[in-house]
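Everything on this sheet refers to the single structure shown next.
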Amino acid sequence: MYTPDENLQPRLDYVMCASPAGTHRMAYWEWGDPGNDRVLLCVHGLTRTGRDFDHLARRLAPHYRVVCPDVVGRGKSDWLINAANYVVPQYVADMLTLIARLKPAQLDWVGTSMGGLIGLGLAGTLAISAIVRPDRGACGLPADQTLSLGKMVLNDIGPKLSFSGLTRIAEYVGQPMQFDTFAQAVDYVRSVSAGFGAHDQAGWEDLTRYVFNQQGDHWARHYDLRIAEPFAEQSEARIQASEAILWAAYESITAPILLMRGEESDLLTAEVAEEMLARNPHARLHTVPHVGHAPTLRSGDQIEPVAEFLLTN
């Protein structure tokens, strides 16, 4: 029988997924009772890992089976054979494979940055499936059931993205950084992550520990540098062309939505956040002061609004 523990640590597992080029394993970190069919999927940002959600997961593990995948190409997940598949449709397909294994009766979602875009992609996919095949089950569920997303937290992300914010991120994603010491890696993460807001030294070390690992005598990035290749191909025209799809997916969501926005974010502007409120009546906004892109969901003042939103009927 599962027994909650204040010093709870996650369980690591893997699920086999497929791309047009072959198969790959996606790692995921699981917290809480493995028999709980109330599942919370927490999906990280572009260069991060599922361990970003350790603090949030510990808070919510008594209520959920909290599952935090390392998106393919990051952390302990495999790297893709073809770098061109490091795109949201592939990530959505991988999440559907994971959901089929988990078989949730209730599925809620927390997505930071890229993780929010994956959530929107999943919402859009499910909306289309419900229209095209209304009589079929999904994701391993019995045929008389359908999978639907429950509550969704979109952490500093929306259907309309700031091109300048994306350009800033693209400048460092594919750089082959390596350092002689862990302390140097921590200093680097701090230098490129000012948007995360204020953290103490232990916090910055924690934010570095799972995105840099020791390889021989050096500390190097813990992700496939080739994720930058499709990311770098994004143009302002291409981003604008994708917005209609993302808005349609966002507007299809009928469950409650919490928009978390860093007050100083350069990726989700205040104007877009207000537009999101206007275009989906199920959304509400929480602004995190003195933070840019993106709130790290590590401190009580950021965790508790998310917990209250998810746990309140």
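We name chains A, B, ... following the order of the structure tokens; residues begin at 1 in each chain, and ligands are numbered from 1 as shown.
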DSSP strand (DSSP E) selection over region 62-296 of chain A, as a VMD selection string: chain A and resid 65 to 69 106 to 112 152 to 155 178 to 179 212 to 215 218 to 221 257 to 262 283 to 288
Output as a Markdown table one row per residue of region 235-280 of chain A within 12 Å of region 110-121 of chain A: the closest atom pair and its distance in Å to one decimal place, counting only C-alpha atoms, sorted by chain and residue number ascending.
| residue | atom | partner | partner_atom | distance |
| --- | --- | --- | --- | --- |
| A:Ser242 | CA | A:Gly121 | CA | 11.1 |
| A:Glu243 | CA | A:Leu117 | CA | 11.1 |
| A:Ile245 | CA | A:Gly121 | CA | 8.7 |
| A:Leu246 | CA | A:Leu120 | CA | 6.6 |
| A:Trp247 | CA | A:Leu120 | CA | 8.8 |
| A:Ala248 | CA | A:Leu120 | CA | 9.2 |
| A:Ala249 | CA | A:Leu120 | CA | 5.8 |
| A:Tyr250 | CA | A:Leu120 | CA | 6.1 |
| A:Glu251 | CA | A:Leu120 | CA | 9.6 |
| A:Ser252 | CA | A:Leu120 | CA | 9.4 |
| A:Ile253 | CA | A:Leu120 | CA | 8.7 |
| A:Ile257 | CA | A:Val110 | CA | 9.9 |
| A:Leu258 | CA | A:Val110 | CA | 9.2 |
| A:Leu259 | CA | A:Gly116 | CA | 10.1 |
| A:Met260 | CA | A:Thr112 | CA | 9.1 |
| A:Arg261 | CA | A:Thr112 | CA | 10.2 |
| A:Gly262 | CA | A:Ser113 | CA | 11.3 |
| A:Ser265 | CA | A:Ser113 | CA | 11.1 |
| A:Asp266 | CA | A:Ser113 | CA | 11.8 |
| A:Leu267 | CA | A:Ser113 | CA | 8.7 |
| A:Leu268 | CA | A:Ser113 | CA | 9.2 |
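Taking only C-alpha atoms into account, Leu126 (chain A) lies nearest to A:Thr254 out of the set A:Ser19, A:Ser164, A:Thr254, A:Ser299.
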Please identify all polymer residues within 9 Å of Arg65 (chain A), counting only C-alpha atoms, omitting same-chain residues fewer than 3 positions from it, and present them as a PDB file with all heavy atoms, in the first residue's frame.
ATOM      1  N   GLU A  30       7.589   9.800 -11.551  1.00  0.00           N
ATOM      2  CA  GLU A  30       6.236   9.604 -11.019  1.00  0.00           C
ATOM      3  C   GLU A  30       6.242   9.764  -9.506  1.00  0.00           C
ATOM      4  O   GLU A  30       7.104   9.218  -8.805  1.00  0.00           O
ATOM      5  CB  GLU A  30       5.740   8.206 -11.404  1.00  0.00           C
ATOM      6  CG  GLU A  30       4.309   7.915 -10.989  1.00  0.00           C
ATOM      7  CD  GLU A  30       3.884   6.525 -11.439  1.00  0.00           C
ATOM      8  OE1 GLU A  30       4.387   5.539 -10.859  1.00  0.00           O
ATOM      9  OE2 GLU A  30       3.057   6.435 -12.356  1.00  0.00           O
ATOM     10  N   TRP A  31       5.268  10.506  -9.027  1.00  0.00           N
ATOM     11  CA  TRP A  31       5.123  10.794  -7.601  1.00  0.00           C
ATOM     12  C   TRP A  31       3.738  10.344  -7.147  1.00  0.00           C
ATOM     13  O   TRP A  31       2.776  10.375  -7.905  1.00  0.00           O
ATOM     14  CB  TRP A  31       5.242  12.290  -7.338  1.00  0.00           C
ATOM     15  CG  TRP A  31       6.471  12.953  -7.858  1.00  0.00           C
ATOM     16  CD1 TRP A  31       6.756  13.274  -9.157  1.00  0.00           C
ATOM     17  CD2 TRP A  31       7.588  13.406  -7.086  1.00  0.00           C
ATOM     18  NE1 TRP A  31       7.969  13.899  -9.250  1.00  0.00           N
ATOM     19  CE2 TRP A  31       8.503  13.998  -7.995  1.00  0.00           C
ATOM     20  CE3 TRP A  31       7.897  13.383  -5.732  1.00  0.00           C
ATOM     21  CZ2 TRP A  31       9.709  14.561  -7.581  1.00  0.00           C
ATOM     22  CZ3 TRP A  31       9.088  13.949  -5.312  1.00  0.00           C
ATOM     23  CH2 TRP A  31       9.982  14.525  -6.222  1.00  0.00           C
ATOM     24  N   GLY A  32       3.623   9.989  -5.870  1.00  0.00           N
ATOM     25  CA  GLY A  32       2.320   9.667  -5.314  1.00  0.00           C
ATOM     26  C   GLY A  32       1.929   8.218  -5.519  1.00  0.00           C
ATOM     27  O   GLY A  32       2.712   7.382  -5.977  1.00  0.00           O
ATOM     28  N   ASP A  33       0.690   7.935  -5.204  1.00  0.00           N
ATOM     29  CA  ASP A  33       0.156   6.573  -5.256  1.00  0.00           C
ATOM     30  C   ASP A  33       0.056   6.103  -6.705  1.00  0.00           C
ATOM     31  O   ASP A  33      -0.697   6.677  -7.495  1.00  0.00           O
ATOM     32  CB  ASP A  33      -1.220   6.563  -4.595  1.00  0.00           C
ATOM     33  CG  ASP A  33      -1.835   5.178  -4.504  1.00  0.00           C
ATOM     34  OD1 ASP A  33      -1.253   4.227  -5.070  1.00  0.00           O
ATOM     35  OD2 ASP A  33      -2.898   5.049  -3.878  1.00  0.00           O
ATOM     36  N   PRO A  34       0.776   5.040  -7.102  1.00  0.00           N
ATOM     37  CA  PRO A  34       0.703   4.574  -8.488  1.00  0.00           C
ATOM     38  C   PRO A  34      -0.663   4.009  -8.850  1.00  0.00           C
ATOM     39  O   PRO A  34      -0.960   3.833 -10.037  1.00  0.00           O
ATOM     40  CB  PRO A  34       1.792   3.499  -8.564  1.00  0.00           C
ATOM     41  CG  PRO A  34       1.976   3.043  -7.154  1.00  0.00           C
ATOM     42  CD  PRO A  34       1.733   4.248  -6.302  1.00  0.00           C
ATOM     43  N   GLY A  35      -1.507   3.738  -7.858  1.00  0.00           N
ATOM     44  CA  GLY A  35      -2.852   3.256  -8.127  1.00  0.00           C
ATOM     45  C   GLY A  35      -3.887   4.358  -8.248  1.00  0.00           C
ATOM     46  O   GLY A  35      -5.061   4.089  -8.531  1.00  0.00           O
ATOM     47  N   ASN A  36      -3.462   5.610  -8.043  1.00  0.00           N
ATOM     48  CA  ASN A  36      -4.379   6.739  -8.123  1.00  0.00           C
ATOM     49  C   ASN A  36      -4.679   7.031  -9.596  1.00  0.00           C
ATOM     50  O   ASN A  36      -3.765   7.310 -10.373  1.00  0.00           O
ATOM     51  CB  ASN A  36      -3.753   7.962  -7.454  1.00  0.00           C
ATOM     52  CG  ASN A  36      -4.724   9.116  -7.282  1.00  0.00           C
ATOM     53  OD1 ASN A  36      -5.832   9.093  -7.819  1.00  0.00           O
ATOM     54  ND2 ASN A  36      -4.304  10.131  -6.542  1.00  0.00           N
ATOM     55  N   ASP A  37      -5.955   6.972  -9.986  1.00  0.00           N
ATOM     56  CA  ASP A  37      -6.285   7.247 -11.388  1.00  0.00           C
ATOM     57  C   ASP A  37      -6.608   8.723 -11.624  1.00  0.00           C
ATOM     58  O   ASP A  37      -7.051   9.099 -12.699  1.00  0.00           O
ATOM     59  CB  ASP A  37      -7.426   6.356 -11.888  1.00  0.00           C
ATOM     60  CG  ASP A  37      -8.731   6.551 -11.124  1.00  0.00           C
ATOM     61  OD1 ASP A  37      -8.798   7.457 -10.261  1.00  0.00           O
ATOM     62  OD2 ASP A  37      -9.681   5.798 -11.381  1.00  0.00           O
ATOM     63  N   ARG A  38      -6.348   9.548 -10.628  1.00  0.00           N
ATOM     64  CA  ARG A  38      -6.398  10.997 -10.794  1.00  0.00           C
ATOM     65  C   ARG A  38      -4.968  11.443 -11.112  1.00  0.00           C
ATOM     66  O   ARG A  38      -4.106  11.463 -10.230  1.00  0.00           O
ATOM     67  CB  ARG A  38      -6.897  11.669  -9.524  1.00  0.00           C
ATOM     68  CG  ARG A  38      -7.116  13.173  -9.643  1.00  0.00           C
ATOM     69  CD  ARG A  38      -7.507  13.771  -8.302  1.00  0.00           C
ATOM     70  NE  ARG A  38      -7.901  15.163  -8.441  1.00  0.00           N
ATOM     71  CZ  ARG A  38      -8.123  15.981  -7.409  1.00  0.00           C
ATOM     72  NH1 ARG A  38      -7.962  15.545  -6.169  1.00  0.00           N
ATOM     73  NH2 ARG A  38      -8.497  17.226  -7.615  1.00  0.00           N
ATOM     74  N   VAL A  39      -4.709  11.757 -12.372  1.00  0.00           N
ATOM     75  CA  VAL A  39      -3.349  11.981 -12.852  1.00  0.00           C
ATOM     76  C   VAL A  39      -3.131  13.454 -13.170  1.00  0.00           C
ATOM     77  O   VAL A  39      -3.987  14.109 -13.774  1.00  0.00           O
ATOM     78  CB  VAL A  39      -3.073  11.125 -14.111  1.00  0.00           C
ATOM     79  CG1 VAL A  39      -1.718  11.475 -14.723  1.00  0.00           C
ATOM     80  CG2 VAL A  39      -3.135   9.635 -13.761  1.00  0.00           C
ATOM     81  N   LEU A  40      -1.973  13.956 -12.753  1.00  0.00           N
ATOM     82  CA  LEU A  40      -1.539  15.296 -13.132  1.00  0.00           C
ATOM     83  C   LEU A  40      -0.272  15.148 -13.963  1.00  0.00           C
ATOM     84  O   LEU A  40       0.748  14.650 -13.481  1.00  0.00           O
ATOM     85  CB  LEU A  40      -1.252  16.145 -11.897  1.00  0.00           C
ATOM     86  CG  LEU A  40      -0.717  17.563 -12.168  1.00  0.00           C
ATOM     87  CD1 LEU A  40      -1.779  18.409 -12.865  1.00  0.00           C
ATOM     88  CD2 LEU A  40      -0.255  18.226 -10.879  1.00  0.00           C
ATOM     89  N   LEU A  41      -0.336  15.554 -15.229  1.00  0.00           N
ATOM     90  CA  LEU A  41       0.836  15.550 -16.098  1.00  0.00           C
ATOM     91  C   LEU A  41       1.491  16.927 -16.050  1.00  0.00           C
ATOM     92  O   LEU A  41       0.827  17.940 -16.302  1.00  0.00           O
ATOM     93  CB  LEU A  41       0.439  15.217 -17.540  1.00  0.00           C
ATOM     94  CG  LEU A  41       0.635  13.772 -17.999  1.00  0.00           C
ATOM     95  CD1 LEU A  41       0.159  13.604 -19.439  1.00  0.00           C
ATOM     96  CD2 LEU A  41       2.095  13.358 -17.889  1.00  0.00           C
ATOM     97  N   ALA A  57       5.303  18.743  -7.303  1.00  0.00           N
ATOM     98  CA  ALA A  57       4.880  17.347  -7.212  1.00  0.00           C
ATOM     99  C   ALA A  57       4.760  16.899  -5.760  1.00  0.00           C
ATOM    100  O   ALA A  57       3.811  16.194  -5.390  1.00  0.00           O
ATOM    101  CB  ALA A  57       5.860  16.456  -7.968  1.00  0.00           C
ATOM    102  N   LEU A  60       1.515  18.112  -4.355  1.00  0.00           N
ATOM    103  CA  LEU A  60       0.284  17.559  -4.903  1.00  0.00           C
ATOM    104  C   LEU A  60       0.221  16.033  -4.885  1.00  0.00           C
ATOM    105  O   LEU A  60      -0.823  15.453  -5.178  1.00  0.00           O
ATOM    106  CB  LEU A  60       0.082  18.067  -6.331  1.00  0.00           C
ATOM    107  CG  LEU A  60      -0.178  19.573  -6.431  1.00  0.00           C
ATOM    108  CD1 LEU A  60      -0.174  20.022  -7.881  1.00  0.00           C
ATOM    109  CD2 LEU A  60      -1.499  19.943  -5.763  1.00  0.00           C
ATOM    110  N   ALA A  61       1.320  15.370  -4.520  1.00  0.00           N
ATOM    111  CA  ALA A  61       1.347  13.905  -4.525  1.00  0.00           C
ATOM    112  C   ALA A  61       0.297  13.261  -3.619  1.00  0.00           C
ATOM    113  O   ALA A  61      -0.189  12.172  -3.939  1.00  0.00           O
ATOM    114  CB  ALA A  61       2.745  13.406  -4.158  1.00  0.00           C
ATOM    115  N   PRO A  62      -0.098  13.872  -2.494  1.00  0.00           N
ATOM    116  CA  PRO A  62      -1.169  13.256  -1.704  1.00  0.00           C
ATOM    117  C   PRO A  62      -2.520  13.229  -2.421  1.00  0.00           C
ATOM    118  O   PRO A  62      -3.412  12.474  -2.024  1.00  0.00           O
ATOM    119  CB  PRO A  62      -1.225  14.145  -0.450  1.00  0.00           C
ATOM    120  CG  PRO A  62       0.114  14.778  -0.365  1.00  0.00           C
ATOM    121  CD  PRO A  62       0.522  15.014  -1.787  1.00  0.00           C
TER     122      PRO A  62
END
I'd like the contact shell of Leu207 (chain A) - 10 Å cut-off, only C-alpha atoms, skipping same-chain residues fewer than 6 positions apart - returned as a list in words.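 What passes the distance filter is Arg48, Thr49, Arg51, Asp52, Val186, Val189, Arg190, Ser193, Phe196, His199, Gln201, Thr296 and Arg298 of chain A.
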Pick from A:Glu275, A:Val88, A:His55, A:Glu171, whichever lies nearest to Gly203 (chain A) using only C-alpha atoms: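 Looking only at the distances to Gly203 (chain A), the closest residue turns out to be A:His55.
The residue set within 10 Å of Met95 (chain A), counting only C-alpha atoms and dropping same-chain residues fewer than 6 places from it, reads Val15, Cys17, Met26, Leu41, Val43, Pro69, Val71, Pro89, Arg101, Ile118, Gly119, Leu122 and Cys139 of chain A.
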